[in-house]
Amino acid sequence: MNREDNTSIYSNQSSIHGDLAKLVQKHMRSTWKEPTPPHDREVMSHIVALLKAHDGPLILDSFCGTGMSTAKLALQHPKALVIGIDKSADRLRRHVQTQSHNYHLIRGNCEHIWAQLASAKVKCAQHYLLYPNPWPKKAHLKRRIHGHPSFPLLEQLGGTIEVRSNWKIYVDEFAVAAQLLGLDTQVKSLSATDPMTLFERKYSANSENLWVCKAAAA
Ligand SMILES: C[S@@+](CC[C@H](N)C(=O)[O-])C[C@H]1O[C@@H](n2cnc3c(N)ncnc32)[C@H](O)[C@@H]1O
């Protein structure tokens, strides 16, 4: 395992995974059909109720951790409904509540919630995926967002997608995969003077290089 400069990521991958395009194309040819766990079905009823009661755009903050970014996004976009999703009850419990009333934190599995939102034809205006687990071992490609069979759902949900990571290969792979979905992409380095998330704050404090991929319909 090697460590790239200015990152805490150790990986046996030194460039974009050779199987990426083939894997994404395979997932694009099929529909992800894993049965939705009961908890994620209940969560969807809650989201539908929130959507019905709200008149503005929807912003998703998938893998939101403690929800720091969810609260920040809510403050930046007062007319939007901002929904943060994370599977960890422990992380969500550590959320520091703010004054904004336009955000909600939901415990659930992002992939199952995306599938239900997409089948309900819900569209979001913006979709943030900030510092997802990188799964840096070469053998873990299928665990990365862009290697998972649910990946094509991101295109169906619409909006501007923003992925951030301290591993450049991750955002480069995401960009290549998003282009295969027909999206326009842009990868840039990021200087986080006002960190959006706890992980971003930690990486910035360690002077790690940070990267962002923005993807949107062409
Ligand atoms: C590295 S943390 C980043 C959290 C936050 N975005 C930040 O930057 O501080 C990744 C988060 O993804 C969550 N997670 C991992 N897989 C998930 C899944 N399939 N559905 C929902 N949350 C998931 C974990 O619980 C964890 O909080």
# chains A, B, ... in the order shown; residues from 1 in each chain; ligands from 1
>>> residues_near_ligand(ligand="ligand 1", cutoff="10 Å", atoms="only C-alpha atoms and all ligand atoms", output="MDAnalysis selection string")
chainID A and resid 61:70 84:92 106:114 128:134 143:145 163:165 195:203
>>> select_by_dssp(residues="segment 77-164 of chain A", states="helix (DSSP H, G or I)", output="PyMOL selection string")
chain A and resi 89-93+110-119+138-143+145-147+153-157
>>> closest_residue(among="A:Leu20, A:Lys168, A:Thr7, A:His104", to="Ala49 of chain A", atoms="only C-alpha atoms")
A:His104
>>> residues_around(residues="Thr160 of chain A", least_positions_apart="3", cutoff="8 Å", atoms="only C-alpha atoms", output="VMD selection string")
chain A and resid 125 to 127 214 to 217
>>> write_last_selection(atoms="N, CA and C atoms", output="PDB file, in the first residue's frame")
ATOM      1  N   ALA A 125     -32.441  19.632  -6.438  1.00  0.00           N
ATOM      2  CA  ALA A 125     -31.751  20.746  -7.095  1.00  0.00           C
ATOM      3  C   ALA A 125     -30.243  20.585  -6.936  1.00  0.00           C
ATOM      4  N   GLN A 126     -29.838  20.102  -5.778  1.00  0.00           N
ATOM      5  CA  GLN A 126     -28.408  19.893  -5.504  1.00  0.00           C
ATOM      6  C   GLN A 126     -28.265  18.612  -4.694  1.00  0.00           C
ATOM      7  N   HIS A 127     -27.162  17.932  -4.921  1.00  0.00           N
ATOM      8  CA  HIS A 127     -26.906  16.691  -4.184  1.00  0.00           C
ATOM      9  C   HIS A 127     -25.446  16.678  -3.739  1.00  0.00           C
ATOM     10  N   LYS A 214     -17.691  18.324  -9.490  1.00  0.00           N
ATOM     11  CA  LYS A 214     -19.069  18.777  -9.696  1.00  0.00           C
ATOM     12  C   LYS A 214     -19.570  18.143 -10.970  1.00  0.00           C
ATOM     13  N   ALA A 215     -20.773  17.618 -10.915  1.00  0.00           N
ATOM     14  CA  ALA A 215     -21.349  16.948 -12.095  1.00  0.00           C
ATOM     15  C   ALA A 215     -22.780  17.418 -12.252  1.00  0.00           C
ATOM     16  N   ALA A 216     -23.189  17.647 -13.504  1.00  0.00           N
ATOM     17  CA  ALA A 216     -24.561  18.094 -13.756  1.00  0.00           C
ATOM     18  C   ALA A 216     -24.950  17.695 -15.174  1.00  0.00           C
ATOM     19  N   ALA A 217     -26.244  17.705 -15.426  1.00  0.00           N
ATOM     20  CA  ALA A 217     -26.737  17.338 -16.764  1.00  0.00           C
ATOM     21  C   ALA A 217     -26.090  18.245 -17.798  1.00  0.00           C
TER      22      ALA A 217
END
>>> residues_around(residues="Met28 of chain A", least_positions_apart="4", cutoff="10 Å", atoms="only C-alpha atoms", output="list in words")
Lys22, Leu23, Val24, Trp32, Pro149, Ser150, Phe151, Pro152, Leu153, Leu180 and Leu181 of chain A
>>> write_last_selection(atoms="C-alpha atoms", output="compact mmCIF listing (two decimals), in the first residue's frame")
# COMPACT_ATOMS: atom_id res chain seq x y z
CA LYS A 22 -16.84 -1.74 -17.66
CA LEU A 23 -18.46 -1.87 -14.21
CA VAL A 24 -20.39 1.41 -14.59
CA TRP A 32 -30.59 -2.15 -9.00
CA PRO A 149 -25.01 -0.79 -8.73
CA SER A 150 -27.12 2.11 -7.38
CA PHE A 151 -24.81 4.68 -9.03
CA PRO A 152 -27.02 5.38 -12.11
CA LEU A 153 -29.76 6.56 -9.69
CA LEU A 180 -20.55 7.71 -18.66
CA LEU A 181 -23.98 8.64 -17.24
>>> residues_around(residues="Asp172 of chain A", least_positions_apart="5", cutoff="10 Å", atoms="only C-alpha atoms", output="MDAnalysis selection string")
chainID A and resid 15:16 167 177:178 185:188 211:213
>>> closest_residue(among="A:Ala53, A:Val82, A:Met44, A:Leu141", to="Cys124 of chain A", atoms="only C-alpha atoms")
A:Val82
>>> closest_residue(among="A:Ile9, A:Leu75, A:Ala80, A:Val122", to="Thr98 of chain A", atoms="only C-alpha atoms")
A:Leu75
>>> residues_around(residues="Leu81 of chain A", least_positions_apart="6", cutoff="6 Å", atoms="only C-alpha atoms", output="PyMOL selection string")
chain A and resi 58+102-103
>>> write_last_selection(atoms="C-alpha atoms", output="PDB file, in the first residue's frame")
ATOM      1  CA  LEU A  58     -34.807  19.861  -2.433  1.00  0.00           C
ATOM      2  CA  ASN A 102     -35.506  23.910   6.886  1.00  0.00           C
ATOM      3  CA  TYR A 103     -33.334  20.841   7.435  1.00  0.00           C
TER       4      TYR A 103
END
>>> select_by_dssp(residues="segment 52-140 of chain A", states="strand (DSSP E or B)", output="list of chain:residue names")
A:Leu58, A:Ile59, A:Leu60, A:Asp61, A:Ser62, A:Leu81, A:Val82, A:Ile83, A:Gly84, A:Ile85, A:Asp86, A:Tyr103, A:His104, A:Leu105, A:Ile106, A:Arg107, A:Gln126, A:His127, A:Tyr128, A:Leu129, A:Leu130
>>> closest_residue(among="A:Ile83, A:Ala192, A:Ile161, A:Val96", to="His54 of chain A", atoms="only C-alpha atoms")
A:Ile83
>>> atom_distance(atom1="atom CA of Tyr10 of chain A", atom2="atom CA of Ser189 of chain A")
19.2 Å
>>> closest_residue(among="A:Leu154, A:Ala74, A:Leu117, A:Ile169", to="Asp40 of chain A", atoms="only C-alpha atoms")
A:Leu117
